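Following: one structure in structure tokens, then a few remarks.
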Amino acid sequence: MVGYYIHMAARSLRRNPVLTGLMVLAIGLGIGASMTMVTVLHVMTDDPLPGRSAQLYTPHIDPLPLDYKQDGGGPDASDNLTWPDAMALLTARRATRQAAMAGGNLLLRPDRAGVRPFYVAGRYTSADFFTMFGVPFVHGGGWSAADDAAGAQVVVLTETVARKLFGTADAVGRTVRLGEHDYRLVGVTTDWAPKPLFYADNVGNQYSDADQFFLPFSVAVNQDLQVSGNQSGWGKDESASKRSDTTTWLQFWVQLDTPAQVAAYRQYLVDYSAQQKGLGRFQRPPANAKLYSLMGWLAHENLVPTDVRLQLWLALGFLFVCMVNIVALLLAKFLRRSGEISVRRALGARRRDIFVQFGVESALIGVAGGALGLAVAQLGLWSIRQRPDDYARLAQMDASMLLGTLMLAVLASMLAGLLPAWRACRVPPALQLKAM
Amino acid sequence: MQIRPILAALRRHRMATVLIALEIALACAVLCNACFLIAGRIDAIQVDSGVDEASLATVQLAGYENAHAVDLNARVLAGLGSIAGVQSVSLLNSIPFGARRGTAGITTDMAGKHFGGVVEFYVGGPGSLSALGTRLVAGRNPQPDDFRPFTALMPDDASVQVTRALAEHLWPGADPLGKEFWLDKSHFRVVGVIDHLVRPDPGGWPGDSRDWSVFVPAQSSVYLSGSYLLRAAPTDLPRVLRDARAAIAKIAPDAVLDQDGTQTLGDLRTRSFQKDRAMIGMLVGVIVALLLVTALGIVGLASFWVAQRRRQIGIRRAIGATRRDILHYFQTENFLIVSFGIVLGMVLAYALNLLLMTHYELPRLPLVYLPIGAAALWLLGQLAVLGPALRAAAVPPVVATRSV
């Protein structure tokens, strides 16, 4: 029966090619615009580290004094940890793996003739960083916890930087001059960068930033290297050093494998805060300590710019207008066929049959509109990729979005066909037959 | 033209009429707000920087040791100054549309009780203000002995020039000359007022606060180094900047040229408004698509009604209606539906604006956008209905007597 309906629908649509074209065009434009923005939002809120993200958590404690005033537009000072707190969490080893980290820009001075010094962005971190995040190495590996403790002068570079520096990626053991110091190269990673760079402080372009070097953060503290993230202090002494217990600048991530571990770690954070409060260092309630999951932290950070949200709402509003348009057109079209409906009813068709018949016709418009919508969305995504924003290059459609587009188109057109089909099946046959 | 029979006919197609009116209402609401958003972005893009953008470029250096900063400044000023076509080279910490290096909150009393707002400090060496080409409206430009040495982030005592917008904000109605303000312990006295000098990042500031800038004269120092202002004739500028980039390698082998920051002011300006331009493009695209779809909806429905009423049109023609009468009938019908939609649309436009105000910190929609949106939709409706209405007018009276 459905085959017959499809045949009938195709005939009916061909009878008014202009009207059919208008409806397909409307649904295609609406779906195309909406799916462009939905895709952008989808890639921006996607899992940056699939397979590992479920075990990754970031602890947050509140070391701020009671009278600390949060600057309206400024960064939240308790988003990061102070050095003493990070060291305490690091040495307590309550999680499977844990690492403290902060970003920095350093001047790289190549030894090779003809290569001018250039700035590289990278991360000061601790040994577990590489195993916890699963950073893939091309040569060598990360450093050890002993290197962290000793403040060893070691560095890990990405493949691109290593090649630029030495002409080859296989350069483990060679010396790298970063800023004013020499470091021994212990490992070369692939050009690895989660999108967004979830573990970085929320100041840069987290969708395009990538770390090009990794140094032990104990070295960064010892040598007082430049830090690129937020550094918020509330101490009385102006000469806030990196070791100060009133300056937050470190991010901290832990790996917790089981729900029991998560609960235990959460309790540990509260206990630690209570202990520090007992010592008189903290003033705020220990219950302020929080443990965010990776996706929870990204939701909290809210990296999607307001312009993108505004554009999404605009696109969805446009789709809604298109749908209202199609409802009106379908209504006119279906009711014009009152005579045909009445004949079918008189010959024994039930109301439900009429309803299904017109439902199939709307769905057919949806399929055609969805195909057009896909083309429009590809065009839209291409235009997004030309934008200067840091997320622009990520704007690509994956299989799930492709399927979603078609589904949404069919769903939207069937929804639009609902009211006209219902009205059509309520046409009183006797009156129409008499008029014929 | 009688409206009563038209209304009676519309009542027979209540659902379709309401739907088309609803579509027009939504289009009206989005149109008004989108136009308002576009106007806001255009206003931001067209901000008056107050400087001779076409003649200016900046050279940014980094990676040198602090101990060599003053020596580096002397070498760069002399070296770049000798490039053919360069009118002047001077020290300036930040630049409109470039990196921001002197944003700070000031107070209008020494104790720090009366907060004056967050302003931009342009700290510049001799010749930098005249190179910028700002226009003095009161007081005086910096004199040679205004440029003093300093050893902290900011000079601790200076005679400064402020923009007219900042003077109006700090001392409304009063003569700003001789007035004082403080940044922590640093003390500043106003000796001149300049017409405009925009912040490096005007996009992030509302209204007149885009122009809250202070020019602080100072001498070469660790805290005023590595950032230079080049002035040349507009036609020479690209070539001069190319030469300057090449010369830096010889003049300052100990420093690293910031390739990204070393630009002409025109290029910096274009770059800093790229996102606004993208947003305008998107909004214009939405408006065009929305109007197109609305027009197509009207065309589709009107065509359908014309086809449906062929016999009635024929009968009307047979009993004496002229083509003009039929044409006017459909035009009036469209006008009524669109008007109904517009009335609803104005309410929706206002509601949408309230929503945007709470979520996106947008200002209130000025009322002038409503009649503009209404006129646009009336025009659109009449254009869209013209084709179907002409087809209706062409229906011959003989149709009335044919085929029952």
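Scheme for the structure tokens: letters A, B, ... for chains in order shown; per-chain residue numbers from 1; ligand numbers from 1 in order shown.
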
message = Could you list, as a ChimeraX atom specification, every residue within 8 Å of A:Gly233, counting only C-alpha atoms and ignoring same-chain residues fewer than 4 positions away?
response = /A:77,240,246-248

Please produce a file of the residues just selected, as a tab-separated table (two decimals), in the first residue's frame, where the atoms kept are N, CA, C and O atoms.
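The file below, out_27.tsv, is the result:
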chain	number	residue	atom	x	y	z
A	77	ALA	N	39.46	33.37	39.66
A	77	ALA	CA	40.77	33.09	40.25
A	77	ALA	C	40.85	31.66	40.77
A	77	ALA	O	41.94	31.09	40.86
A	240	ALA	N	54.79	38.46	43.70
A	240	ALA	CA	54.20	37.13	43.75
A	240	ALA	C	55.03	36.17	42.91
A	240	ALA	O	55.08	36.28	41.69
A	246	THR	N	49.35	32.37	47.31
A	246	THR	CA	48.21	33.25	47.04
A	246	THR	C	48.15	33.64	45.56
A	246	THR	O	47.56	34.65	45.20
A	247	THR	N	48.77	32.83	44.70
A	247	THR	CA	48.67	33.07	43.26
A	247	THR	C	48.29	31.77	42.57
A	247	THR	O	48.97	30.76	42.72
A	248	THR	N	47.16	31.78	41.85
A	248	THR	CA	46.76	30.56	41.13
A	248	THR	C	47.21	30.66	39.68
A	248	THR	O	47.05	31.70	39.05

ask   = Mind listing as a VMD selection string which residues of chain B are within 7 Å of chain A, counting only C-alpha atoms?
value = chain B and resid 16 19 to 20 23 26 63 256 274 to 275 278 290 293 296 to 297 300 to 301 304

Export, as an mmCIF file, in the first residue's frame, the selected residues with C-alpha atoms.
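See result.cif below for the written result:
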data_model
loop_
_atom_site.group_PDB
_atom_site.id
_atom_site.type_symbol
_atom_site.label_atom_id
_atom_site.label_comp_id
_atom_site.auth_asym_id
_atom_site.auth_seq_id
_atom_site.Cartn_x
_atom_site.Cartn_y
_atom_site.Cartn_z
ATOM 1 C CA ALA B 16 -3.963 29.180 5.292
ATOM 2 C CA LEU B 19 -0.299 30.611 8.508
ATOM 3 C CA ILE B 20 0.907 33.054 5.859
ATOM 4 C CA GLU B 23 5.138 33.580 8.441
ATOM 5 C CA LEU B 26 8.154 35.882 11.987
ATOM 6 C CA GLY B 63 63.107 38.049 22.427
ATOM 7 C CA VAL B 256 63.026 38.421 16.996
ATOM 8 C CA GLN B 274 37.129 40.108 10.238
ATOM 9 C CA LYS B 275 34.691 38.424 12.611
ATOM 10 C CA ALA B 278 31.670 37.387 8.742
ATOM 11 C CA LEU B 290 14.062 34.700 4.685
ATOM 12 C CA VAL B 293 11.143 32.054 1.220
ATOM 13 C CA LEU B 296 7.825 32.196 -2.522
ATOM 14 C CA GLY B 297 5.182 31.308 0.058
ATOM 15 C CA GLY B 300 2.607 29.779 -4.096
ATOM 16 C CA LEU B 301 -0.526 30.440 -2.074
ATOM 17 C CA PHE B 304 -3.249 28.379 -5.808
#

query = Restricting the calculation to only C-alpha atoms, which member of B:Arg135, B:Arg210, B:Arg75, B:Arg310 is positioned closest to B:Ala255?
reply =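 When distances to B:Ala255 are compared using only C-alpha atoms, the smallest one comes from B:Arg75.
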
task = Can you pull out every residue within 12 Å of B:Ser128, counting only C-alpha atoms, but drop anything in the same chain fewer than 5 positions away, and send it as a PyMOL selection string?
result = chain B and resi 51+56+58+77+87-95+122-123+133-134+141-142+144+147+215-220+227-231

Saved selection, atoms kept: N, CA and C atoms, as a tab-separated table (two decimals), in the first residue's frame:
chain	number	residue	atom	x	y	z
B	51	VAL	N	43.47	58.58	13.86
B	51	VAL	CA	44.88	58.64	13.42
B	51	VAL	C	44.95	58.49	11.90
B	56	LEU	N	50.49	54.89	8.34
B	56	LEU	CA	51.16	54.33	9.52
B	56	LEU	C	51.34	52.83	9.42
B	58	THR	N	53.41	49.51	12.00
B	58	THR	CA	54.09	49.25	13.26
B	58	THR	C	55.08	48.11	13.09
B	77	LEU	N	65.59	52.92	16.06
B	77	LEU	CA	65.12	54.25	15.65
B	77	LEU	C	66.04	54.82	14.58
B	87	GLN	N	59.10	58.85	6.94
B	87	GLN	CA	58.94	60.23	7.41
B	87	GLN	C	59.31	60.35	8.88
B	88	SER	N	58.97	59.30	9.67
B	88	SER	CA	59.39	59.32	11.07
B	88	SER	C	59.30	57.93	11.67
B	89	VAL	N	60.15	57.66	12.68
B	89	VAL	CA	60.08	56.44	13.46
B	89	VAL	C	60.02	56.86	14.91
B	90	SER	N	59.12	56.28	15.67
B	90	SER	CA	59.06	56.65	17.09
B	90	SER	C	58.64	55.45	17.92
B	91	LEU	N	58.78	55.60	19.23
B	91	LEU	CA	58.39	54.54	20.17
B	91	LEU	C	56.93	54.73	20.57
B	92	LEU	N	56.16	53.65	20.55
B	92	LEU	CA	54.77	53.72	21.02
B	92	LEU	C	54.39	52.33	21.52
B	93	ASN	N	53.94	52.25	22.78
B	93	ASN	CA	53.75	50.92	23.38
B	93	ASN	C	52.68	50.08	22.70
B	94	SER	N	51.51	50.69	22.38
B	94	SER	CA	50.48	49.94	21.65
B	94	SER	C	50.07	50.75	20.44
B	95	ILE	N	49.17	50.20	19.67
B	95	ILE	CA	48.77	50.86	18.43
B	95	ILE	C	47.29	50.53	18.21
B	122	TYR	N	48.37	55.02	26.06
B	122	TYR	CA	49.35	54.96	24.98
B	122	TYR	C	50.60	55.67	25.49
B	123	VAL	N	51.67	54.90	25.78
B	123	VAL	CA	52.91	55.50	26.22
B	123	VAL	C	53.80	55.64	25.00
B	133	GLY	N	49.12	61.61	14.10
B	133	GLY	CA	48.27	62.55	13.37
B	133	GLY	C	46.94	62.81	14.06
B	134	THR	N	46.91	62.71	15.39
B	134	THR	CA	45.68	63.03	16.11
B	134	THR	C	45.44	64.54	16.04
B	141	ASN	N	50.07	70.19	22.65
B	141	ASN	CA	50.71	68.90	22.39
B	141	ASN	C	51.89	68.74	23.36
B	142	PRO	N	52.48	67.54	23.49
B	142	PRO	CA	53.61	67.38	24.41
B	142	PRO	C	54.82	68.22	24.00
B	144	PRO	N	59.08	69.10	24.45
B	144	PRO	CA	60.25	68.21	24.59
B	144	PRO	C	60.50	67.76	26.02
B	147	PHE	N	58.69	64.58	27.86
B	147	PHE	CA	59.14	63.20	27.69
B	147	PHE	C	60.20	62.89	28.73
B	215	PHE	N	47.32	59.72	26.18
B	215	PHE	CA	48.67	59.65	25.64
B	215	PHE	C	49.65	60.12	26.70
B	216	VAL	N	50.61	59.25	27.07
B	216	VAL	CA	51.60	59.56	28.10
B	216	VAL	C	52.96	59.70	27.43
B	217	PRO	N	53.53	60.91	27.41
B	217	PRO	CA	54.86	61.08	26.83
B	217	PRO	C	55.93	60.49	27.75
B	218	ALA	N	56.91	59.78	27.18
B	218	ALA	CA	57.96	59.17	27.99
B	218	ALA	C	59.19	58.93	27.13
B	219	GLN	N	60.30	58.63	27.80
B	219	GLN	CA	61.52	58.35	27.06
B	219	GLN	C	61.77	56.86	26.97
B	220	SER	N	62.62	56.50	26.03
B	220	SER	CA	63.01	55.12	25.81
B	220	SER	C	63.39	54.44	27.13
B	227	SER	N	58.48	48.21	20.42
B	227	SER	CA	57.25	48.52	19.70
B	227	SER	C	57.42	49.88	19.06
B	228	TYR	N	57.39	49.93	17.72
B	228	TYR	CA	57.74	51.15	17.00
B	228	TYR	C	56.65	51.56	16.03
B	229	LEU	N	56.54	52.88	15.83
B	229	LEU	CA	55.56	53.42	14.91
B	229	LEU	C	56.30	54.01	13.71
B	230	LEU	N	55.94	53.54	12.52
B	230	LEU	CA	56.57	54.01	11.29
B	230	LEU	C	55.58	54.90	10.56
B	231	ARG	N	56.08	56.04	10.03
B	231	ARG	CA	55.20	56.88	9.22
B	231	ARG	C	55.84	57.10	7.86

key: Residues of stretch 232-400 of chain B in alpha helix (DSSP H), written as number ranges by chain   = B: 237-251, 265-272, 274-308, 310-318, 323-360, 369-393

inquiry  = Residues near B:Arg41, anyone? I mean within 12 Å using only C-alpha atoms, not counting same-chain ones fewer than 6 positions away, as a list in words.
reply    =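 Residues near the query, excluding close chain neighbours: Asp307 of chain A; Ala34, Cys35, Val47, Pro202, Gly203, Gly204, Pro206, Phe273, Gln274, Lys275, Asp276, Arg277, Ala278, Met279, Ile280, Gly281, Met282, Leu283, Val284 and Leu362 of chain B.
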
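We find atom CA of B:Asn334 and atom CA of B:Gln308 to be spaced 16.2 Å apart.
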
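Interatomic distance, atom CA of A:Val270 against atom CA of A:Phe282: 11.8 Å.
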
query = Between atom CA of A:Ser413 and atom CA of A:Ile365, what is the distance, to one decimal in Å?
reply =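 We find that atom CA of A:Ser413 and atom CA of A:Ile365 lie 6.8 Å from each other.
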
Quick check for you: according to DSSP on this backbone, which residues of stretch 129-233 of chain A are classed as strand (DSSP E or B)? Reply as an mmCIF file with N, CA and C atoms, in the first residue's frame.
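selection.cif, written as the output of this step:
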data_model
loop_
_atom_site.group_PDB
_atom_site.id
_atom_site.type_symbol
_atom_site.label_atom_id
_atom_site.label_comp_id
_atom_site.auth_asym_id
_atom_site.auth_seq_id
_atom_site.Cartn_x
_atom_site.Cartn_y
_atom_site.Cartn_z
ATOM 1 N N PHE A 137 54.099 8.919 20.881
ATOM 2 C CA PHE A 137 55.491 9.308 20.638
ATOM 3 C C PHE A 137 56.002 8.704 19.330
ATOM 4 N N VAL A 138 56.830 9.457 18.628
ATOM 5 C CA VAL A 138 57.504 8.944 17.432
ATOM 6 C C VAL A 138 58.853 8.351 17.832
ATOM 7 N N HIS A 139 59.556 9.076 18.700
ATOM 8 C CA HIS A 139 60.845 8.611 19.204
ATOM 9 C C HIS A 139 60.916 8.921 20.689
ATOM 10 N N GLY A 140 61.656 8.056 21.430
ATOM 11 C CA GLY A 140 61.855 8.314 22.854
ATOM 12 C C GLY A 140 60.546 8.266 23.616
ATOM 13 N N VAL A 154 65.115 18.502 30.913
ATOM 14 C CA VAL A 154 64.719 17.674 29.781
ATOM 15 C C VAL A 154 63.543 18.317 29.055
ATOM 16 N N VAL A 155 63.384 17.966 27.786
ATOM 17 C CA VAL A 155 62.298 18.551 26.991
ATOM 18 C C VAL A 155 61.752 17.492 26.033
ATOM 19 N N VAL A 156 60.451 17.615 25.725
ATOM 20 C CA VAL A 156 59.814 16.788 24.702
ATOM 21 C C VAL A 156 59.312 17.750 23.625
ATOM 22 N N LEU A 157 59.557 17.425 22.353
ATOM 23 C CA LEU A 157 59.115 18.297 21.255
ATOM 24 C C LEU A 157 58.133 17.552 20.370
ATOM 25 N N THR A 158 57.367 18.301 19.565
ATOM 26 C CA THR A 158 56.532 17.643 18.559
ATOM 27 C C THR A 158 57.374 17.418 17.303
ATOM 28 N N THR A 175 70.626 18.550 22.115
ATOM 29 C CA THR A 175 70.372 19.677 23.003
ATOM 30 C C THR A 175 69.477 20.710 22.315
ATOM 31 N N VAL A 176 68.493 21.221 23.073
ATOM 32 C CA VAL A 176 67.569 22.231 22.561
ATOM 33 C C VAL A 176 67.744 23.483 23.407
ATOM 34 N N ARG A 177 67.918 24.636 22.756
ATOM 35 C CA ARG A 177 68.034 25.879 23.513
ATOM 36 C C ARG A 177 66.700 26.622 23.474
ATOM 37 N N LEU A 178 66.060 26.679 24.644
ATOM 38 C CA LEU A 178 64.756 27.337 24.778
ATOM 39 C C LEU A 178 64.932 28.502 25.729
ATOM 40 N N HIS A 181 68.025 28.809 28.388
ATOM 41 C CA HIS A 181 68.579 27.572 28.961
ATOM 42 C C HIS A 181 68.672 26.459 27.927
ATOM 43 N N ASP A 182 69.541 25.476 28.231
ATOM 44 C CA ASP A 182 69.676 24.299 27.372
ATOM 45 C C ASP A 182 68.943 23.124 27.983
ATOM 46 N N TYR A 183 68.282 22.317 27.147
ATOM 47 C CA TYR A 183 67.554 21.145 27.623
ATOM 48 C C TYR A 183 67.925 19.955 26.757
ATOM 49 N N ARG A 184 67.855 18.751 27.369
ATOM 50 C CA ARG A 184 68.153 17.529 26.624
ATOM 51 C C ARG A 184 66.838 16.968 26.080
ATOM 52 N N LEU A 185 66.805 16.682 24.794
ATOM 53 C CA LEU A 185 65.587 16.164 24.157
ATOM 54 C C LEU A 185 65.436 14.690 24.525
ATOM 55 N N VAL A 186 64.310 14.341 25.194
ATOM 56 C CA VAL A 186 64.105 12.940 25.581
ATOM 57 C C VAL A 186 63.020 12.258 24.761
ATOM 58 N N GLY A 187 62.188 13.021 24.076
ATOM 59 C CA GLY A 187 61.123 12.380 23.314
ATOM 60 C C GLY A 187 60.585 13.298 22.238
ATOM 61 N N VAL A 188 60.063 12.684 21.161
ATOM 62 C CA VAL A 188 59.420 13.448 20.081
ATOM 63 C C VAL A 188 58.028 12.864 19.884
ATOM 64 N N THR A 189 57.000 13.707 20.023
ATOM 65 C CA THR A 189 55.621 13.234 19.864
ATOM 66 C C THR A 189 55.140 13.523 18.449
ATOM 67 N N PHE A 213 56.056 22.095 22.640
ATOM 68 C CA PHE A 213 57.095 21.529 23.495
ATOM 69 C C PHE A 213 56.489 21.194 24.853
ATOM 70 N N PHE A 214 57.153 20.326 25.602
ATOM 71 C CA PHE A 214 56.741 19.994 26.967
ATOM 72 C C PHE A 214 57.969 20.036 27.853
ATOM 73 N N LEU A 215 57.884 20.750 28.989
ATOM 74 C CA LEU A 215 58.983 20.855 29.947
ATOM 75 C C LEU A 215 58.449 20.458 31.319
ATOM 76 N N PRO A 216 59.305 19.883 32.196
ATOM 77 C CA PRO A 216 58.852 19.628 33.562
ATOM 78 C C PRO A 216 58.479 20.942 34.238
ATOM 79 N N SER A 232 46.222 34.740 38.789
ATOM 80 C CA SER A 232 45.441 35.617 39.654
ATOM 81 C C SER A 232 45.985 35.538 41.066
ATOM 82 N N GLY A 233 46.288 36.687 41.642
ATOM 83 C CA GLY A 233 46.831 36.706 43.001
ATOM 84 C C GLY A 233 45.995 37.583 43.907
#

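Proximity of B:Gly79, B:Asp52, B:Gly320, B:Ala44 to B:Arg245, computed with only C-alpha atoms, is greatest for B:Gly79.
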
message = What's around A:Thr36 at 7 Å? Count only C-alpha atoms, leave out sequence neighbours fewer than 4 positions away in its own chain, and write the answer as a list of chain:residue names.
response = A:Gly32, A:Val40, A:Ala377, A:Gly380, A:Leu381

query = Which residues, written as a count of residues only, have at least one atom at most 9 Å from A:Asp209, with only C-alpha atoms counted and residues fewer than 6 positions away on the same chain left out?
reply = 6

request  = Write out as a PyMOL selection string which residues come within 7 Å of stretch 370-374 of chain B when counting only C-alpha atoms, dropping same-chain ones fewer than 2 positions away.
outcome  = chain B and resi 28+31-32+342+346+367-368+376-378

task = Give the answer as one residue: which of B:Ala8, B:Leu37, B:Lys113, B:Ser303 has the shortest atom-to-atom distance to B:Met357, using only C-alpha atoms?
result =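 Residue with the minimum atom-to-atom distance to B:Met357: B:Leu37.
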
task = Give the answer as one residue: which of A:Ile354, A:Ala152, A:Met44, A:Val360 has the shortest atom-to-atom distance to A:Arg426, using only C-alpha atoms?
result =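 Once distances to A:Arg426 are computed over only C-alpha atoms, the minimum belongs to A:Ile354.
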
task = Select, from A:Asn202, A:Thr131, A:Thr45, A:Ser218, the residue with the minimum atom-to-atom distance to A:Ala146, counting only C-alpha atoms.
result = A:Ser218

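Between A:Val219 and the residues A:Tyr268, A:Phe130, A:Tyr124, A:Phe334, the shortest atom-to-atom distance, using only C-alpha atoms, involves A:Tyr124.
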